[in-house]
Amino acid sequence: MGNVAIALGALRSGIDFASGYAGTPSTEILETLIKIAPDRVYIEWSANEKAALETAAGAALAGGFALVTMKQVGLNVASDPLMSLNYIGIKGALVVVAADDPGPSSSQTEQDTRIYGKFANIAVFDPSTPEEAYQMISDAFAFSHRFARPVIFRPATRLCHGYGVMERSDDLRKSEPEGFTKDGGKWVIFPRLAYQNHIKLEAEQEELSEIFSEYWGNILIKEGTPKRGIACGGICYPYIQEALRDIKEPCALLKVSTFPFPKKLAVEFLNGLEEVLTVEELDPYIEEELALLAGGVRIRGKMSGDLPKAGEYLPGMVKEAVCKFLGLPFERANAPKPPPQLPVRPPVLCAGCPHRASFYAVKSAVRQLLRKGTFKKAVFSGDIGCYTLGNTEPLDIVDTCLCMGAGITMAQGLNRIEKEALNFAFIGDSTFFHTGITGIINAVYNSSNIVVAILDNSTTAMTGGQPHPGIGRTARGGCSPKIDIVELLKVLGVNYVKSVSAFDIPAAQNAVKEAATYSGVRAVIFVGRCVAIEKDRRGVIRQVDTDICTGCKLCVIRLGCPALTMKDGHASIDGGLCFPCSLCASVCPSEAIKEVNYEN
Amino acid sequence: MTTSILLAGVGGQGVVVAGDVLAKALLYSGFDVKKSEIHGMAQRGGSVFSHVRFGEKVYSPVIPTGSADFIVSFENMEFLRYLEYTNNKTVLILNTARILPPSVNMGEEKYPEEAVEEYKGYFASFEELNADSVAESLGSRKAAGTVLLSVLSKYLPVKQEAWEAAIRSAFSEKIAELNLKCLKSMGKYYEDNQSL
């Protein structure tokens, strides 16, 4: 896997320190290190990406080689230290891996991390294959060390989760961090220093562009005197290689894997060409750089409308664009007409997921409050995690979702304008520690009127179950003090704090109704462990008594549990999928869902 | 020559694990192998796929549209989502076990029975079986993916030892035994490596 290759490459570079916050498609990099090198490298899951980058910056200032991993939107959280750190520089080495997600398959945006490099004047490495990533991550550390600046390493989804065959080499750099040296004002960012360093940084960009023109990862293939050329980067390179395999038409090829843009190499590529097609996912970075150098050469790509500006690029569409560009016929395979609209399979909360119970409890309790006229309206702000799926039918209880931690703060703003509404903010335990606490402080300080529903499933579920500050366990499996969410909320001055079991529906409903009678900042913590970390949950698989079941479908319609279906006019529980939580039994008005009698 | 295999199914059916086993078996048989899949939010009950490609030299981990040589559908209707990857020579291996999509479950939409029947006939060759039942009879329905690999094994230049090594590297000892039984369930491995 590409992420494993990155981890192995980083290890070969002799890293002393690795930190990060889980996020698809970057998560497996740190997980691989935790698995294979927990004793050789200090590894932590940080509370958030900003903390991850800042701790790594400290490690690098002490002369360590530090790796930081996150997904692309995580870099937004870490962008404050990133921008400044490049001005003061580092001592050992620091590589920030920010994984992009064209498509996106599992993200809020389609942002292009290469542009962060341009924005911050930081060098960017953009590998095309897992094999390249393995080599390039070592180069990224070497450049970082040589220039004493952080370096960005940007893989994208298809590389992170793509698999290839590669050979490992064991030329491990031996790590000998020198320790921090006091150096007058060198490590203290001041406006005057920032100005001087900016001049240096700009000069360095030119130097790097020159060096990168000779870099092995930037490839120019030009035989004879072709009139046309294709420029590409990232995963598009293997797509182009495959497309050109069957094409005899003369064509120059430029692959760019590093930024600042290797201008000298690009000029060599452009010389003698009449027309260029640029193929790159996300922003037209290579395309714009080529356009600046093009002279009379026509540069085509996203800006000319030849290729889409948004979405993932796939090999079929790349081949079609290449054929069109070279004036060759493109034969679409003899695929059948598309089938009629198929029933979609949206991702759903797992059978037995505590979030489903919490959502059901809140929804049913709020429905009663609205019916009684206590409130005219209830608005539910959601956050990032598995529980964003509460937005889908039939739960339909997530009205807003913006970015990590935004639910609690957005609920405050919503209530400032619409004071008569009952404003809920759902947030998971890991997200609460990530950026939720600041929102609570803001709410208490400004006497906001919100109910915070913390869905505590004891893990970072969405990304595969990483520990966090509320669990009592560190990345490498060591013990740590467990930060108690209930106590924390009380200390912060939250008016009403109640912790309930997510599956105790009556107690959960009562807590919601009670919280609603208070004013100010209120919090209900729904505790129920994620089914993925609780594989041996004890409970009773239930069955539907078809003599009693009236076929009202309430259980199916209200809960959307994958283990519940309608069969021959009655509800039916799939014993293979059921993960005993008994939520369906508490919803059934006829008490038709009963414990299975194992005795016979 | 690159051979492309598309595995399609529903989150939780073991599509990704089957892709791992397949890729390893091919790797152990001396091929260059590339594999690609989607992780994260797309899991949990959603449609899941894995692309496995092998040959002397493979560039892209993603199958270009119209060029899948095999499509293995872990669920009765899932292959319908990937028709754009097929051509008139694609072989379909179909598990007839069904998992109802939520909208069908709630009675809002119908399971596409007719489309499944109609499009099955389009494939140059197709084999169908209830892999869930076969796996269940051997020990657990969870190993249905390996039953499907067993059907696929008839078409691939992969020897028994490579398959077994791939299975053993993917599962714990106890689960590997069940999967080895499933692997042998549907036919014989391709023994004559030369003709492919």
# chains A, B, ... in the order shown; residues from 1 in each chain; ligands from 1
>>> closest_atom_pairs(of="chain B", to="chain A", cutoff="8 Å", atoms="only C-alpha atoms", output="Markdown table")
| residue | atom | partner | partner_atom | distance |
| --- | --- | --- | --- | --- |
| B:Asp32 | CA | A:Val165 | CA | 6.7 |
| B:Val33 | CA | A:Gly164 | CA | 6.0 |
| B:Lys34 | CA | A:Gly164 | CA | 4.8 |
| B:Lys35 | CA | A:Tyr163 | CA | 4.8 |
| B:Ser36 | CA | A:Gly162 | CA | 4.4 |
| B:Glu37 | CA | A:His161 | CA | 6.3 |
| B:Ile38 | CA | A:His161 | CA | 7.0 |
| B:His39 | CA | A:Thr24 | CA | 7.4 |
| B:Gly40 | CA | A:Thr24 | CA | 6.0 |
| B:Met41 | CA | A:Ser106 | CA | 5.4 |
| B:Ala42 | CA | A:Pro347 | CA | 6.0 |
| B:Gln43 | CA | A:Pro347 | CA | 6.3 |
| B:Arg44 | CA | A:Pro347 | CA | 5.3 |
| B:Gly45 | CA | A:Pro347 | CA | 5.2 |
| B:Gly46 | CA | A:Pro347 | CA | 4.3 |
| B:Ser47 | CA | A:Arg345 | CA | 5.9 |
| B:Tyr59 | CA | A:Pro238 | CA | 5.1 |
| B:Ser60 | CA | A:Pro238 | CA | 5.2 |
| B:Pro61 | CA | A:Gly162 | CA | 6.3 |
| B:Val62 | CA | A:Pro315 | CA | 6.9 |
| B:Ile63 | CA | A:Pro315 | CA | 7.1 |
| B:Pro64 | CA | A:Gly316 | CA | 4.5 |
| B:Thr65 | CA | A:Gly316 | CA | 5.2 |
| B:Gly66 | CA | A:Ala333 | CA | 4.7 |
| B:Ser67 | CA | A:Ala333 | CA | 7.2 |
| B:Leu80 | CA | A:Pro339 | CA | 6.8 |
| B:Arg81 | CA | A:Leu342 | CA | 7.7 |
| B:Leu83 | CA | A:Ala335 | CA | 6.7 |
| B:Glu84 | CA | A:Ala335 | CA | 5.7 |
| B:Tyr85 | CA | A:Ala335 | CA | 7.3 |
| B:Thr86 | CA | A:Ala335 | CA | 5.6 |
| B:Asn87 | CA | A:Ala335 | CA | 4.8 |
| B:Asn88 | CA | A:Asn334 | CA | 6.1 |
| B:Pro101 | CA | A:Arg345 | CA | 5.5 |
| B:Pro102 | CA | A:Arg345 | CA | 6.9 |
| B:Ser103 | CA | A:Pro343 | CA | 6.6 |
| B:Val104 | CA | A:Pro343 | CA | 7.1 |
| B:Asn105 | CA | A:Thr565 | CA | 5.7 |
| B:Met106 | CA | A:Ile557 | CA | 6.2 |
| B:Glu109 | CA | A:Pro343 | CA | 6.6 |
| B:Lys110 | CA | A:Pro343 | CA | 7.5 |
| B:Tyr111 | CA | A:Pro343 | CA | 7.2 |
| B:Pro112 | CA | A:Leu342 | CA | 7.0 |
| B:Ala115 | CA | A:Pro339 | CA | 6.9 |
| B:Tyr122 | CA | A:Pro336 | CA | 7.7 |
>>> closest_residue(among="A:Arg146, A:Arg529, A:Lys594, A:Arg476", to="A:Ser358", atoms="only C-alpha atoms")
A:Arg529
>>> select_by_dssp(residues="stretch 76-228 of chain A", states="helix (DSSP H, G or I)", output="PyMOL selection string")
chain A and resi 76-77+79-88+113-120+130-147+157-160+191-212
>>> atom_distance(atom1="atom CA of B:Leu180", atom2="atom CA of B:Gln13")
17.5 Å
>>> closest_residue(among="A:Tyr116, A:Tyr42, A:Tyr313, A:Tyr87", to="A:Gln72", atoms="only C-alpha atoms")
A:Tyr116
>>> residues_around(residues="B:Ala124", least_positions_apart="6", cutoff="7 Å", atoms="only C-alpha atoms", output="ChimeraX atom specification")
/B:88-91
>>> write_last_selection(atoms="C-alpha atoms", output="mmCIF file, in the first residue's frame")
data_model
loop_
_atom_site.group_PDB
_atom_site.id
_atom_site.type_symbol
_atom_site.label_atom_id
_atom_site.label_comp_id
_atom_site.auth_asym_id
_atom_site.auth_seq_id
_atom_site.Cartn_x
_atom_site.Cartn_y
_atom_site.Cartn_z
ATOM 1 C CA ASN B 88 -18.035 -7.989 -24.781
ATOM 2 C CA LYS B 89 -15.311 -10.364 -23.605
ATOM 3 C CA THR B 90 -15.626 -9.773 -19.879
ATOM 4 C CA VAL B 91 -16.303 -12.823 -17.721
#
>>> atom_distance(atom1="atom CA of A:Leu492", atom2="atom CA of A:Ala365")
26.4 Å
>>> residues_around(residues="A:Phe426", least_positions_apart="5", cutoff="6 Å", atoms="only C-alpha atoms", output="list of chain:residue names")
A:Gly382, A:Ala453, A:Ile454
>>> write_last_selection(atoms="all heavy atoms", output="mmCIF file, in the first residue's frame")
data_model
loop_
_atom_site.group_PDB
_atom_site.id
_atom_site.type_symbol
_atom_site.label_atom_id
_atom_site.label_comp_id
_atom_site.auth_asym_id
_atom_site.auth_seq_id
_atom_site.Cartn_x
_atom_site.Cartn_y
_atom_site.Cartn_z
ATOM 1 N N GLY A 382 -24.288 19.186 13.197
ATOM 2 C CA GLY A 382 -23.485 17.967 13.290
ATOM 3 C C GLY A 382 -22.010 18.295 13.206
ATOM 4 O O GLY A 382 -21.614 19.458 13.242
ATOM 5 N N ALA A 453 -24.554 17.570 22.476
ATOM 6 C CA ALA A 453 -24.734 16.130 22.635
ATOM 7 C C ALA A 453 -23.424 15.464 22.253
ATOM 8 O O ALA A 453 -23.047 15.460 21.083
ATOM 9 C CB ALA A 453 -25.871 15.638 21.749
ATOM 10 N N ILE A 454 -22.710 14.949 23.230
ATOM 11 C CA ILE A 454 -21.422 14.322 22.948
ATOM 12 C C ILE A 454 -21.625 12.820 22.784
ATOM 13 O O ILE A 454 -22.121 12.138 23.683
ATOM 14 C CB ILE A 454 -20.400 14.632 24.051
ATOM 15 C CG1 ILE A 454 -20.171 16.157 24.067
ATOM 16 C CG2 ILE A 454 -19.084 13.891 23.804
ATOM 17 C CD1 ILE A 454 -19.294 16.659 25.161
#
>>> residues_around(residues="A:Lys482", least_positions_apart="2", cutoff="7 Å", atoms="only C-alpha atoms", output="VMD selection string")
chain A and resid 469 to 472 480 484
>>> residues_around(residues="A:Lys263", least_positions_apart="6", cutoff="12 Å", atoms="only C-alpha atoms", output="number ranges by chain")
A: 205-214, 218, 254, 256, 269-270, 286, 288-294
>>> residues_around(residues="stretch 583-588 of chain A", least_positions_apart="4", cutoff="7 Å", atoms="only C-alpha atoms", output="PyMOL selection string")
chain A and resi 357+503+554-555+592-593
>>> closest_residue(among="B:Val17, B:Leu7, B:Leu138, B:Ala23", to="B:Phe74", atoms="only C-alpha atoms")
B:Leu7
>>> atom_distance(atom1="atom CA of B:Gly12", atom2="atom CA of A:Arg537")
17.9 Å
>>> closest_atom_pairs(of="stretch 12-118 of chain B", to="stretch 139-152 of chain B", cutoff="9 Å", atoms="only C-alpha atoms", output="Markdown table")
| residue | atom | partner | partner_atom | distance |
| --- | --- | --- | --- | --- |
| B:Gly12 | CA | B:Lys142 | CA | 9.0 |
| B:Gln13 | CA | B:Lys142 | CA | 7.1 |
| B:Gly14 | CA | B:Gly145 | CA | 6.4 |
| B:Val15 | CA | B:Gly145 | CA | 6.9 |
| B:Val17 | CA | B:Gly145 | CA | 8.5 |
| B:Ala18 | CA | B:Gly145 | CA | 6.0 |
| B:Val21 | CA | B:Thr146 | CA | 8.8 |
| B:Leu22 | CA | B:Leu149 | CA | 7.6 |
| B:Phe70 | CA | B:Leu152 | CA | 8.4 |
| B:Val72 | CA | B:Leu148 | CA | 7.3 |
| B:Ser73 | CA | B:Leu148 | CA | 8.6 |
| B:Phe74 | CA | B:Gly145 | CA | 6.8 |
| B:Ile93 | CA | B:Leu148 | CA | 7.3 |
| B:Leu94 | CA | B:Leu148 | CA | 8.0 |
| B:Asn95 | CA | B:Leu148 | CA | 7.4 |
>>> write_last_selection(atoms="C-alpha atoms", output="PDB file, in the first residue's frame")
ATOM      1  CA  GLY B  12     -18.615  -5.879   5.209  1.00  0.00           C
ATOM      2  CA  GLN B  13     -18.550  -8.648   2.586  1.00  0.00           C
ATOM      3  CA  GLY B  14     -14.783  -8.867   2.542  1.00  0.00           C
ATOM      4  CA  VAL B  15     -14.182  -7.418  -0.923  1.00  0.00           C
ATOM      5  CA  VAL B  17      -9.616  -8.786   1.923  1.00  0.00           C
ATOM      6  CA  ALA B  18     -10.401 -10.924  -1.152  1.00  0.00           C
ATOM      7  CA  VAL B  21      -5.548 -12.476  -1.239  1.00  0.00           C
ATOM      8  CA  LEU B  22      -5.898 -12.307  -5.016  1.00  0.00           C
ATOM      9  CA  PHE B  70     -13.219 -10.368 -15.032  1.00  0.00           C
ATOM     10  CA  VAL B  72     -16.578 -10.782  -9.585  1.00  0.00           C
ATOM     11  CA  SER B  73     -19.819  -9.618  -8.020  1.00  0.00           C
ATOM     12  CA  PHE B  74     -20.044 -10.453  -4.315  1.00  0.00           C
ATOM     13  CA  ILE B  93     -18.683 -14.423 -11.724  1.00  0.00           C
ATOM     14  CA  LEU B  94     -21.830 -13.753  -9.769  1.00  0.00           C
ATOM     15  CA  ASN B  95     -22.809 -14.472  -6.184  1.00  0.00           C
TER      16      ASN B  95
END
>>> closest_residue(among="B:Ala25, B:Thr96, B:Ser133, B:Ala8", to="B:Ile167", atoms="only C-alpha atoms")
B:Ala25
>>> select_by_dssp(residues="stretch 43-190 of chain B", states="strand (DSSP E)", output="list in words")
Ser47, Val48, Phe49, Ser50, His51, Val52, Arg53, Phe54, Gly55, Phe70, Ile71, Val72, Ser73, Val91, Leu92, Ile93, Leu94, Asn95, Ser125, Phe126, Glu127, Glu128 and Leu129 of chain B
>>> write_last_selection(atoms="N, CA and C atoms", output="PDB file, in the first residue's frame")
ATOM      1  N   SER B  47     -21.454   0.602  -1.329  1.00  0.00           N
ATOM      2  CA  SER B  47     -20.879  -0.190  -2.412  1.00  0.00           C
ATOM      3  C   SER B  47     -19.365  -0.102  -2.330  1.00  0.00           C
ATOM      4  N   VAL B  48     -18.706  -1.244  -2.432  1.00  0.00           N
ATOM      5  CA  VAL B  48     -17.255  -1.308  -2.293  1.00  0.00           C
ATOM      6  C   VAL B  48     -16.679  -2.051  -3.491  1.00  0.00           C
ATOM      7  N   PHE B  49     -15.522  -1.601  -3.969  1.00  0.00           N
ATOM      8  CA  PHE B  49     -14.893  -2.323  -5.076  1.00  0.00           C
ATOM      9  C   PHE B  49     -13.401  -2.422  -4.836  1.00  0.00           C
ATOM     10  N   SER B  50     -12.774  -3.343  -5.534  1.00  0.00           N
ATOM     11  CA  SER B  50     -11.321  -3.443  -5.512  1.00  0.00           C
ATOM     12  C   SER B  50     -10.865  -3.771  -6.929  1.00  0.00           C
ATOM     13  N   HIS B  51      -9.888  -3.045  -7.416  1.00  0.00           N
ATOM     14  CA  HIS B  51      -9.321  -3.317  -8.739  1.00  0.00           C
ATOM     15  C   HIS B  51      -8.017  -4.077  -8.556  1.00  0.00           C
ATOM     16  N   VAL B  52      -7.872  -5.214  -9.210  1.00  0.00           N
ATOM     17  CA  VAL B  52      -6.614  -5.951  -9.172  1.00  0.00           C
ATOM     18  C   VAL B  52      -6.149  -6.136 -10.613  1.00  0.00           C
ATOM     19  N   ARG B  53      -4.896  -5.762 -10.904  1.00  0.00           N
ATOM     20  CA  ARG B  53      -4.377  -5.865 -12.276  1.00  0.00           C
ATOM     21  C   ARG B  53      -3.031  -6.576 -12.242  1.00  0.00           C
ATOM     22  N   PHE B  54      -2.812  -7.457 -13.195  1.00  0.00           N
ATOM     23  CA  PHE B  54      -1.519  -8.137 -13.232  1.00  0.00           C
ATOM     24  C   PHE B  54      -1.027  -8.333 -14.652  1.00  0.00           C
ATOM     25  N   GLY B  55       0.264  -8.568 -14.771  1.00  0.00           N
ATOM     26  CA  GLY B  55       0.891  -8.778 -16.070  1.00  0.00           C
ATOM     27  C   GLY B  55       2.392  -8.671 -15.887  1.00  0.00           C
ATOM     28  N   PHE B  70     -12.331  -9.617 -15.926  1.00  0.00           N
ATOM     29  CA  PHE B  70     -13.219 -10.368 -15.032  1.00  0.00           C
ATOM     30  C   PHE B  70     -13.932  -9.387 -14.116  1.00  0.00           C
ATOM     31  N   ILE B  71     -15.174  -9.678 -13.854  1.00  0.00           N
ATOM     32  CA  ILE B  71     -15.855  -8.924 -12.806  1.00  0.00           C
ATOM     33  C   ILE B  71     -16.480  -9.943 -11.850  1.00  0.00           C
ATOM     34  N   VAL B  72     -16.082  -9.843 -10.588  1.00  0.00           N
ATOM     35  CA  VAL B  72     -16.578 -10.782  -9.585  1.00  0.00           C
ATOM     36  C   VAL B  72     -17.532 -10.004  -8.689  1.00  0.00           C
ATOM     37  N   SER B  73     -18.807 -10.347  -8.771  1.00  0.00           N
ATOM     38  CA  SER B  73     -19.819  -9.618  -8.020  1.00  0.00           C
ATOM     39  C   SER B  73     -20.145 -10.386  -6.749  1.00  0.00           C
ATOM     40  N   VAL B  91     -15.690 -11.669 -18.374  1.00  0.00           N
ATOM     41  CA  VAL B  91     -16.303 -12.823 -17.721  1.00  0.00           C
ATOM     42  C   VAL B  91     -16.915 -12.365 -16.396  1.00  0.00           C
ATOM     43  N   LEU B  92     -18.154 -12.744 -16.160  1.00  0.00           N
ATOM     44  CA  LEU B  92     -18.826 -12.378 -14.903  1.00  0.00           C
ATOM     45  C   LEU B  92     -18.919 -13.590 -13.984  1.00  0.00           C
ATOM     46  N   ILE B  93     -18.485 -13.395 -12.745  1.00  0.00           N
ATOM     47  CA  ILE B  93     -18.683 -14.423 -11.724  1.00  0.00           C
ATOM     48  C   ILE B  93     -19.610 -13.818 -10.680  1.00  0.00           C
ATOM     49  N   LEU B  94     -20.770 -14.414 -10.527  1.00  0.00           N
ATOM     50  CA  LEU B  94     -21.830 -13.753  -9.769  1.00  0.00           C
ATOM     51  C   LEU B  94     -22.277 -14.550  -8.547  1.00  0.00           C
ATOM     52  N   ASN B  95     -22.226 -13.902  -7.396  1.00  0.00           N
ATOM     53  CA  ASN B  95     -22.809 -14.472  -6.184  1.00  0.00           C
ATOM     54  C   ASN B  95     -24.284 -14.063  -6.170  1.00  0.00           C
ATOM     55  N   SER B 125     -19.248 -14.753 -20.928  1.00  0.00           N
ATOM     56  CA  SER B 125     -19.442 -15.974 -20.172  1.00  0.00           C
ATOM     57  C   SER B 125     -19.721 -15.586 -18.747  1.00  0.00           C
ATOM     58  N   PHE B 126     -20.626 -16.266 -18.119  1.00  0.00           N
ATOM     59  CA  PHE B 126     -20.853 -15.960 -16.716  1.00  0.00           C
ATOM     60  C   PHE B 126     -21.146 -17.220 -15.939  1.00  0.00           C
ATOM     61  N   GLU B 127     -20.735 -17.162 -14.670  1.00  0.00           N
ATOM     62  CA  GLU B 127     -20.995 -18.284 -13.782  1.00  0.00           C
ATOM     63  C   GLU B 127     -21.706 -17.712 -12.570  1.00  0.00           C
ATOM     64  N   GLU B 128     -22.770 -18.361 -12.156  1.00  0.00           N
ATOM     65  CA  GLU B 128     -23.439 -17.866 -10.955  1.00  0.00           C
ATOM     66  C   GLU B 128     -23.586 -18.976  -9.928  1.00  0.00           C
ATOM     67  N   LEU B 129     -23.548 -18.558  -8.681  1.00  0.00           N
ATOM     68  CA  LEU B 129     -23.691 -19.520  -7.585  1.00  0.00           C
ATOM     69  C   LEU B 129     -24.043 -18.742  -6.329  1.00  0.00           C
TER      70      LEU B 129
END
